[in-house]
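Peer 1: For reference, this is final23.pdb, and it has PDB, C-alpha atoms.
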```pdb
ATOM      1  CA  MET A 959     111.342 -13.420  14.943  1.00  0.00           C
ATOM      2  CA  THR A 960     108.142 -13.177  12.938  1.00  0.00           C
ATOM      3  CA  SER A 961     108.640 -16.187  10.653  1.00  0.00           C
ATOM      4  CA  LEU A 962     111.214 -18.436   9.007  1.00  0.00           C
ATOM      5  CA  LEU A 963     111.870 -18.537   5.276  1.00  0.00           C
ATOM      6  CA  PHE A 964     113.533 -21.700   3.963  1.00  0.00           C
ATOM      7  CA  VAL A 965     115.041 -21.375   0.480  1.00  0.00           C
ATOM      8  CA  TYR A 966     115.900 -24.607  -1.328  1.00  0.00           C
ATOM      9  CA  ASN A 967     118.853 -24.918  -3.685  1.00  0.00           C
ATOM     10  CA  ALA A 968     116.477 -26.184  -6.349  1.00  0.00           C
ATOM     11  CA  SER A 969     114.186 -24.589  -8.885  1.00  0.00           C
ATOM     12  CA  SER A 970     110.426 -24.927  -9.067  1.00  0.00           C
ATOM     13  CA  GLY A 971     108.674 -26.425 -12.045  1.00  0.00           C
ATOM     14  CA  PHE A 972     107.579 -29.858 -13.199  1.00  0.00           C
ATOM     15  CA  TRP A 973     110.777 -30.840 -15.033  1.00  0.00           C
ATOM     16  CA  ASN A 974     113.098 -29.411 -12.394  1.00  0.00           C
ATOM     17  CA  LYS A 975     111.346 -31.531  -9.759  1.00  0.00           C
ATOM     18  CA  LYS A 976     111.709 -34.653 -11.930  1.00  0.00           C
ATOM     19  CA  ILE A 977     115.414 -33.991 -12.461  1.00  0.00           C
ATOM     20  CA  ASP A 978     115.950 -33.355  -8.734  1.00  0.00           C
ATOM     21  CA  PHE A 979     114.109 -36.574  -7.873  1.00  0.00           C
ATOM     22  CA  ALA A 980     116.311 -38.583 -10.236  1.00  0.00           C
ATOM     23  CA  HIS A 981     119.479 -36.902  -8.978  1.00  0.00           C
ATOM     24  CA  LYS A 982     118.608 -37.655  -5.327  1.00  0.00           C
ATOM     25  CA  MET A 983     117.932 -41.300  -6.214  1.00  0.00           C
ATOM     26  CA  LEU A 984     120.921 -41.926  -8.477  1.00  0.00           C
ATOM     27  CA  SER A 985     123.610 -39.781  -6.884  1.00  0.00           C
ATOM     28  CA  PRO A 986     122.552 -38.532  -3.431  1.00  0.00           C
ATOM     29  CA  ASP A 987     126.119 -37.624  -2.411  1.00  0.00           C
ATOM     30  CA  THR A 988     126.314 -34.997  -5.160  1.00  0.00           C
ATOM     31  CA  TYR A 989     122.829 -33.573  -4.699  1.00  0.00           C
ATOM     32  CA  ALA A 990     123.162 -29.783  -4.377  1.00  0.00           C
ATOM     33  CA  CYS A 991     120.424 -29.071  -1.826  1.00  0.00           C
ATOM     34  CA  SER A 992     121.389 -30.189   1.659  1.00  0.00           C
ATOM     35  CA  LEU A 993     118.150 -28.699   3.033  1.00  0.00           C
ATOM     36  CA  CYS A 994     116.105 -30.878   0.664  1.00  0.00           C
ATOM     37  CA  ALA A 995     118.202 -33.929   1.533  1.00  0.00           C
ATOM     38  CA  LEU A 996     117.695 -33.358   5.269  1.00  0.00           C
ATOM     39  CA  THR A 997     113.965 -32.661   5.240  1.00  0.00           C
ATOM     40  CA  HIS A 998     112.763 -34.844   2.368  1.00  0.00           C
ATOM     41  CA  GLY A 999     113.243 -38.452   1.421  1.00  0.00           C
ATOM     42  CA  ASN A1000     112.877 -39.776  -2.090  1.00  0.00           C
ATOM     43  CA  PHE A1001     109.092 -39.653  -1.925  1.00  0.00           C
ATOM     44  CA  GLY A1002     108.363 -36.545   0.115  1.00  0.00           C
ATOM     45  CA  GLU A1003     108.795 -34.911   3.464  1.00  0.00           C
ATOM     46  CA  THR A1004     110.275 -37.077   6.231  1.00  0.00           C
ATOM     47  CA  ASN A1005     108.034 -37.901   9.181  1.00  0.00           C
ATOM     48  CA  GLU A1006     110.448 -36.264  11.639  1.00  0.00           C
ATOM     49  CA  TRP A1007     110.448 -33.012   9.692  1.00  0.00           C
ATOM     50  CA  LYS A1008     106.674 -33.028   9.174  1.00  0.00           C
ATOM     51  CA  ILE A1009     106.046 -33.525  12.912  1.00  0.00           C
ATOM     52  CA  PHE A1010     108.512 -30.757  13.781  1.00  0.00           C
ATOM     53  CA  ARG A1011     107.101 -28.336  11.212  1.00  0.00           C
ATOM     54  CA  LYS A1012     103.508 -28.875  12.308  1.00  0.00           C
ATOM     55  CA  SER A1013     104.403 -28.452  15.997  1.00  0.00           C
ATOM     56  CA  GLN A1014     105.986 -25.019  15.583  1.00  0.00           C
ATOM     57  CA  LYS A1015     104.324 -21.783  16.598  1.00  0.00           C
ATOM     58  CA  VAL A1016     106.554 -19.730  14.304  1.00  0.00           C
ATOM     59  CA  ALA A1017     105.298 -19.466  10.722  1.00  0.00           C
ATOM     60  CA  MET A1018     107.432 -21.206   8.135  1.00  0.00           C
ATOM     61  CA  GLU A1019     107.542 -20.615   4.396  1.00  0.00           C
ATOM     62  CA  PHE A1020     109.384 -22.841   1.927  1.00  0.00           C
ATOM     63  CA  ILE A1021     110.362 -21.596  -1.514  1.00  0.00           C
ATOM     64  CA  TYR A1022     112.663 -22.504  -4.360  1.00  0.00           C
ATOM     65  CA  LYS A1023     115.679 -20.374  -5.283  1.00  0.00           C
ATOM     66  CA  ASN A1024     114.106 -19.076  -8.508  1.00  0.00           C
ATOM     67  CA  GLU A1025     111.055 -17.905  -6.534  1.00  0.00           C
ATOM     68  CA  PHE A1026     113.309 -16.233  -3.950  1.00  0.00           C
ATOM     69  CA  GLU A1027     115.241 -14.410  -6.661  1.00  0.00           C
ATOM     70  CA  ILE A1028     111.991 -13.001  -8.058  1.00  0.00           C
ATOM     71  CA  GLN A1029     110.744 -11.844  -4.638  1.00  0.00           C
ATOM     72  CA  TYR A1030     114.126 -10.547  -3.430  1.00  0.00           C
ATOM     73  CA  PRO A1031     116.161  -9.612  -6.524  1.00  0.00           C
ATOM     74  CA  ASN A1032     118.673  -7.525  -4.556  1.00  0.00           C
ATOM     75  CA  ILE A1033     119.621 -10.191  -2.021  1.00  0.00           C
ATOM     76  CA  LYS A1034     122.506 -12.408  -3.104  1.00  0.00           C
ATOM     77  CA  VAL A1035     123.094 -15.583  -1.099  1.00  0.00           C
ATOM     78  CA  ILE A1036     124.375 -19.088  -1.531  1.00  0.00           C
ATOM     79  CA  TYR A1037     121.606 -21.694  -1.420  1.00  0.00           C
ATOM     80  CA  PRO A1038     120.138 -23.385   0.499  1.00  0.00           C
ATOM     81  CA  VAL A1039     119.568 -20.852   3.272  1.00  0.00           C
ATOM     82  CA  VAL A1040     117.165 -20.178   6.139  1.00  0.00           C
ATOM     83  CA  PHE A1041     116.156 -16.610   7.013  1.00  0.00           C
ATOM     84  CA  SER A1042     114.224 -15.062   9.842  1.00  0.00           C
ATOM     85  CA  VAL A1043     111.702 -12.601   8.473  1.00  0.00           C
ATOM     86  CA  SER A1044     110.677  -9.606  10.548  1.00  0.00           C
ATOM     87  CA  SER A1045     109.757  -5.984  10.121  1.00  0.00           C
ATOM     88  CA  LYS A1046     113.498  -5.311   9.855  1.00  0.00           C
ATOM     89  CA  GLY A1047     113.742  -7.549   6.787  1.00  0.00           C
ATOM     90  CA  LEU A1048     115.594 -10.815   6.256  1.00  0.00           C
ATOM     91  CA  GLU A1049     118.351 -12.111   8.502  1.00  0.00           C
ATOM     92  CA  VAL A1050     120.270 -15.332   7.825  1.00  0.00           C
ATOM     93  CA  VAL A1051     119.544 -17.927  10.505  1.00  0.00           C
ATOM     94  CA  LEU A1052     121.334 -20.842   8.826  1.00  0.00           C
ATOM     95  CA  SER A1053     123.714 -20.291   5.939  1.00  0.00           C
ATOM     96  CA  SER A1054     124.380 -22.785   3.176  1.00  0.00           C
ATOM     97  CA  GLU A1055     127.659 -23.624   4.888  1.00  0.00           C
ATOM     98  CA  ALA A1056     125.873 -24.366   8.172  1.00  0.00           C
ATOM     99  CA  LEU A1057     123.158 -26.432   6.462  1.00  0.00           C
ATOM    100  CA  ASN A1058     125.785 -28.453   4.596  1.00  0.00           C
ATOM    101  CA  ARG A1059     127.338 -29.536   7.927  1.00  0.00           C
ATOM    102  CA  PHE A1060     124.180 -31.198   9.242  1.00  0.00           C
ATOM    103  CA  THR A1061     124.183 -34.973   8.991  1.00  0.00           C
ATOM    104  CA  SER A1062     120.608 -35.570  10.148  1.00  0.00           C
ATOM    105  CA  VAL A1063     117.231 -33.887  10.259  1.00  0.00           C
ATOM    106  CA  GLU A1064     117.294 -34.323  14.039  1.00  0.00           C
ATOM    107  CA  ALA A1065     120.398 -32.115  14.265  1.00  0.00           C
ATOM    108  CA  LEU A1066     118.725 -29.453  12.128  1.00  0.00           C
ATOM    109  CA  ILE A1067     115.607 -29.598  14.299  1.00  0.00           C
ATOM    110  CA  ALA A1068     117.659 -29.260  17.476  1.00  0.00           C
ATOM    111  CA  VAL A1069     119.352 -26.111  16.196  1.00  0.00           C
ATOM    112  CA  LEU A1070     116.089 -24.588  14.982  1.00  0.00           C
ATOM    113  CA  ASN A1071     114.457 -25.350  18.340  1.00  0.00           C
ATOM    114  CA  GLY A1072     117.339 -23.545  20.057  1.00  0.00           C
ATOM    115  CA  LYS A1073     116.902 -20.496  17.818  1.00  0.00           C
ATOM    116  CA  ASN A1074     113.125 -20.402  18.367  1.00  0.00           C
ATOM    117  CA  SER A1075     113.219 -20.567  22.173  1.00  0.00           C
TER     118      SER A1075
END
```
Once more with this new file: its structure as structure tokens, please.

Peer 2:
Amino acid sequence: MTSLLFVYNASSGFWNKKIDFAHKMLSPDTYACSLCALTHGNFGETNEWKIFRKSQKVAMEFIYKNEFEIQYPNIKVIYPVVFSVSSKGLEVVLSSEALNRFTSVEALIAVLNGKNS
């Protein structure tokens, strides 16, 4: 595995971020990005996630779905999703379905540690 690509089920841009912030605050149970909900609190990245991310040897990139669709217009997936990126291309590491089952950032970290070892 060369690197990991995390694709959020959210769009980039000032107003999109404001709407997402409000949605997470007012109705977290219906927020559409389980990856965002696991790795970020209401005011930014969680400490657990930040420590994990900074401790990894594998490169990690984080992008929004609209950015992914521009870079990879021929790849159709359900968001959020985590890919491994190598010379062979993209391979799904964690599907949207898998990410939606996690109930804590610690569980996500444990699975990612298992895939990186």

Peer 1: Pick out the residues sitting within 10 Å of Leu993 in chain A, and hand them over as a list in words; count all atoms listed in the file, and ignore anything fewer than 5 positions along from it in its own chain.

Peer 2: Phe964, Val965, Tyr966, Asn967, Ala968, His998, Tyr1037, Pro1038, Val1039, Val1040, Ser1054, Leu1057, Asn1058, Phe1060, Val1063 and Leu1066 of chain A

Peer 1: CA of Leu962 in chain A and CA of Val1043 in chain A are how many Å apart?

Peer 2: 5.9 Å

Peer 1: Taking the file as shown, what set of residues would the PyMOL selection byres ((chain A and resi 1007) around 9) give back, as a PyMOL selection string?

Peer 2: chain A and resi 996-998+1003-1006+1008-1012+1063-1064+1067

Peer 1: Distance CA of Ala1017 in chain A-CA of Lys1046 in chain A, one decimal place?

Peer 2: 16.4 Å

Peer 1: Which is closer to Tyr1022 in chain A than all the others in A:Ser1053, A:Ala1065, A:Leu963, A:Lys1034, using all atoms listed in the file?

Peer 2: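 Between A:Ser1053, A:Ala1065, A:Leu963, A:Lys1034, the residue approaching Tyr1022 in chain A most closely is A:Leu963.
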
Peer 1: Quick one, how far is CA of Gln1014 in chain A from CA of Ser961 in chain A?

Peer 2: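 We find that CA of Gln1014 in chain A and CA of Ser961 in chain A lie 10.5 Å from each other.
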
Peer 1: From the set A:Ile1028, A:Thr960, A:Val1050, A:Val1035, which residue has the shortest atom-to-atom contact distance to Lys1015 in chain A, counting all atoms listed in the file?

Peer 2: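 For Lys1015 in chain A, the nearest of the candidates is A:Thr960.
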
Peer 1: Taking only C-alpha atoms into account, name the residue in A:Ser1045, A:Asn1032, A:Val1051, A:Phe1020 that is nearest to Asn1071 in chain A.

Peer 2: A:Val1051

Peer 1: I need the residue nearest Glu1049 in chain A from this list: A:Gly1002, A:Thr1061, A:Glu1025, A:Ile1033. Use only C-alpha atoms for the distance.

Peer 2: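 Checking each of A:Gly1002, A:Thr1061, A:Glu1025, A:Ile1033 against Glu1049 in chain A, counting only C-alpha atoms, the winner is A:Ile1033.
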
Peer 1: Determine the axis-aligned bounding box of all atoms of range 1010-1013 of chain A present in the file, pad each side by 8 Å, and express its centre and edge lengths in Å to one decimal place as lines of an AutoDock Vina configuration file.

Peer 2:
```
center_x = 106.0
center_y = -29.5
center_z = 13.6
size_x = 21.0
size_y = 18.4
size_z = 20.8
```

Peer 1: Which one is closest to Ile1021 in chain A: A:Leu1070, A:Gly1047, A:Ala1056, A:Phe1041? Count only C-alpha atoms.

Peer 2: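 The shortest atom-to-atom distance to Ile1021 in chain A comes from A:Phe1041.
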